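**Student:** Pasting a structure here, questions to come.
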Amino acid sequence: MNSLLLTSFGEIISYVGYIALAVLVLLVMITVHELGHYLSGKILGFGIEEFAIGFGPKLFSKKKKDGEIFSVRLLPIGGFCAFKGEDADSDDPTAFNNKKPWQRIIVLISGAFMNYVLALLIIVTMFGVYGQSALMTYAVEDPTPIYTAEQSFQNRDVIIKANGENIYLTTDLMGAIKDKEQGELIPFTVRRAGKDVEIIIKLRSDTKFANLEDNVRLAKSLGIKYTTDEQGNLTAMGFATTGLKLGFFRTIAMSFEYSFKLALSIFMVLGQLITGALGISSIGGTVTTISVTATAVKVGGIRNLLNIASFIGVNLAVFNLLPIPALDGCRVVFTAIEGIRKKPISRRVEGLIHTVGFALILMFAIFIDLQQCF
């Protein structure tokens, strides 16, 4: 009994460590985002009131001679770079709203740019150390002779291309064969026993996927073994993520392509949420992100950590540039309108829009985290 309690306690401590690591990843990404605003602001002569790591009460604070404050705050799930006169009129020439529109736009997009640069560096590191992310098959069904047109995958085939498109994720595979009919022949390039092999797969069912989670249809169409629960939800499929070693220049090129794939997948998810093809239960907020990251690191170690960190970085870059109130993208829109009109929209009205937008985003994040729990 004591041994069992010690084991359970040890597992709890271990998982707390993974949670802490996940929080650290998120904090680094947010801090890098705010650092982008800070550095571009300093270069362009913007007045900065405070650069903060975290939210909530201050744990540490230091004021520089120019009045700029650096602080570390209690809640490690956010941060901010506060500029002088950001949401109000001011006579200070260094105030945010007194700077030229093009200068403000540079400052506003610098956070997303820094997120993307960091994500790209992480991907290059991941591909360099572990190899390019790729799908490897296992436990495939009904292997047929490789000399026929109706070929099948073999165990431990690494999928490089499908229908002429590079494949990294299952979503890429779905995109490469979507809307194909049962019986169509699809060319694949796989790495088999160290050699690149061209095979032709005859689809066993149509591939009109309902959404990004329609992995059952994907498995059926390709002859990949899968299992489902009593409700028909996929519980396991014969794909595993692996690494495909590449040369230096190929690694750099594929890292850029992979980052674009991640950005595209985010837009696809947003589109499916808007059209209703994807349910709200499929996404999560900050708490869910931390939980998923911790679990992934526990299962897949550093490789999974790097992969998720790169996804978070690209996600933050894309999401923050969307024209949603309180986000940088919406501020860019207001600034661009000001540049065209040669006069700003009411600062009070803009400030109110961003305040309401921030409150709605916060409530939405809490809601989707709660619905994941229940």
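Here, A, B, ... name the chains of the structure tokens in the order displayed, residue numbers run from 1 inside each chain, and ligands are numbered from 1 in the same displayed order.
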Near Leu246 of chain A, within 10 Å and counting only C-alpha atoms, which residues show up once chain neighbours fewer than 3 positions away are dropped, as number ranges by chain?
**Tutor:** A: 127-128, 130-132, 243, 249-252, 254
**Student:** Find the residues around segment 309-314 of chain A up to 12 Å (only C-alpha atoms counted), leave out those fewer than 5 positions away in its own chain, and share them as a ChimeraX atom specification.
**Tutor:** /A:21-33,111-127,255-256,258-267,285-286,289-290,292-294,296-297,302-304,319-321
**Student:** Given the choices A:Lys220, A:Cys330, A:Gly41, A:Leu305, which gets closest to Ile19 of chain A if the distance is worked out from only C-alpha atoms?
**Tutor:** A:Leu305
**Student:** Please, what distance in Å, to one decimal, runs between atom CA of Lys42 of chain A and atom CA of Phe96 of chain A?
**Tutor:**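 Between atom CA of Lys42 of chain A and atom CA of Phe96 of chain A the gap works out to 11.5 Å.
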**Student:** Would you please extract all strand (DSSP E) residues from segment 204-269 of chain A, as assigned by DSSP on the backbone, and give them as a list in words?
**Tutor:**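 Here is the list: Tyr226, Thr227, Thr228, Leu234, Thr235, Ala236, Met237, Phe239, Ala240, Thr241, Thr242, Gly243 and Leu244 of chain A.
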**Student:** Write out the residues from the selection above, keeping N, CA and C atoms, as a PDB file, in the first residue's frame.
**Tutor:**
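New file result.pdb:
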ATOM      1  N   TYR A 226      -7.357   0.663 -37.809  1.00  0.00           N
ATOM      2  CA  TYR A 226      -7.791   1.629 -36.802  1.00  0.00           C
ATOM      3  C   TYR A 226      -8.767   0.957 -35.851  1.00  0.00           C
ATOM      4  N   THR A 227      -8.974   1.570 -34.694  1.00  0.00           N
ATOM      5  CA  THR A 227      -9.968   1.085 -33.736  1.00  0.00           C
ATOM      6  C   THR A 227     -10.817   2.264 -33.281  1.00  0.00           C
ATOM      7  N   THR A 228     -12.065   1.972 -32.933  1.00  0.00           N
ATOM      8  CA  THR A 228     -12.974   3.015 -32.448  1.00  0.00           C
ATOM      9  C   THR A 228     -13.645   2.563 -31.162  1.00  0.00           C
ATOM     10  N   LEU A 234     -12.606   7.582 -33.177  1.00  0.00           N
ATOM     11  CA  LEU A 234     -11.314   6.952 -33.407  1.00  0.00           C
ATOM     12  C   LEU A 234     -10.510   6.905 -32.116  1.00  0.00           C
ATOM     13  N   THR A 235      -9.993   5.740 -31.758  1.00  0.00           N
ATOM     14  CA  THR A 235      -9.156   5.609 -30.562  1.00  0.00           C
ATOM     15  C   THR A 235      -7.701   5.305 -30.908  1.00  0.00           C
ATOM     16  N   ALA A 236      -7.451   4.709 -32.057  1.00  0.00           N
ATOM     17  CA  ALA A 236      -6.071   4.433 -32.475  1.00  0.00           C
ATOM     18  C   ALA A 236      -6.029   4.222 -33.981  1.00  0.00           C
ATOM     19  N   MET A 237      -4.953   4.695 -34.612  1.00  0.00           N
ATOM     20  CA  MET A 237      -4.802   4.519 -36.046  1.00  0.00           C
ATOM     21  C   MET A 237      -3.351   4.194 -36.354  1.00  0.00           C
ATOM     22  N   PHE A 239      -0.762   5.154 -37.736  1.00  0.00           N
ATOM     23  CA  PHE A 239       0.240   6.143 -38.111  1.00  0.00           C
ATOM     24  C   PHE A 239       1.018   6.541 -36.870  1.00  0.00           C
ATOM     25  N   ALA A 240       2.302   6.740 -37.025  1.00  0.00           N
ATOM     26  CA  ALA A 240       3.124   7.270 -35.948  1.00  0.00           C
ATOM     27  C   ALA A 240       3.970   8.402 -36.511  1.00  0.00           C
ATOM     28  N   THR A 241       4.252   9.405 -35.693  1.00  0.00           N
ATOM     29  CA  THR A 241       5.114  10.505 -36.122  1.00  0.00           C
ATOM     30  C   THR A 241       6.563  10.071 -35.992  1.00  0.00           C
ATOM     31  N   THR A 242       7.330  10.322 -37.024  1.00  0.00           N
ATOM     32  CA  THR A 242       8.744   9.958 -37.005  1.00  0.00           C
ATOM     33  C   THR A 242       9.565  11.094 -37.598  1.00  0.00           C
ATOM     34  N   GLY A 243      10.875  10.921 -37.641  1.00  0.00           N
ATOM     35  CA  GLY A 243      11.755  11.939 -38.196  1.00  0.00           C
ATOM     36  C   GLY A 243      12.445  11.441 -39.452  1.00  0.00           C
ATOM     37  N   LEU A 244      12.476  12.291 -40.474  1.00  0.00           N
ATOM     38  CA  LEU A 244      13.110  11.946 -41.737  1.00  0.00           C
ATOM     39  C   LEU A 244      14.333  12.837 -41.914  1.00  0.00           C
TER      40      LEU A 244
END
**Student:** Measuring atom to atom with only C-alpha atoms, identify which of A:Lys161, A:Lys245, A:Arg331, A:Arg104 is nearest to Ile43 of chain A.
**Tutor:** A:Arg104
**Student:** Between atom CA of Ile160 of chain A and atom CA of Glu257 of chain A, what is the distance in Å, rounded to a tenth?
**Tutor:**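 For atom CA of Ile160 of chain A relative to atom CA of Glu257 of chain A, the distance reads 13.6 Å.
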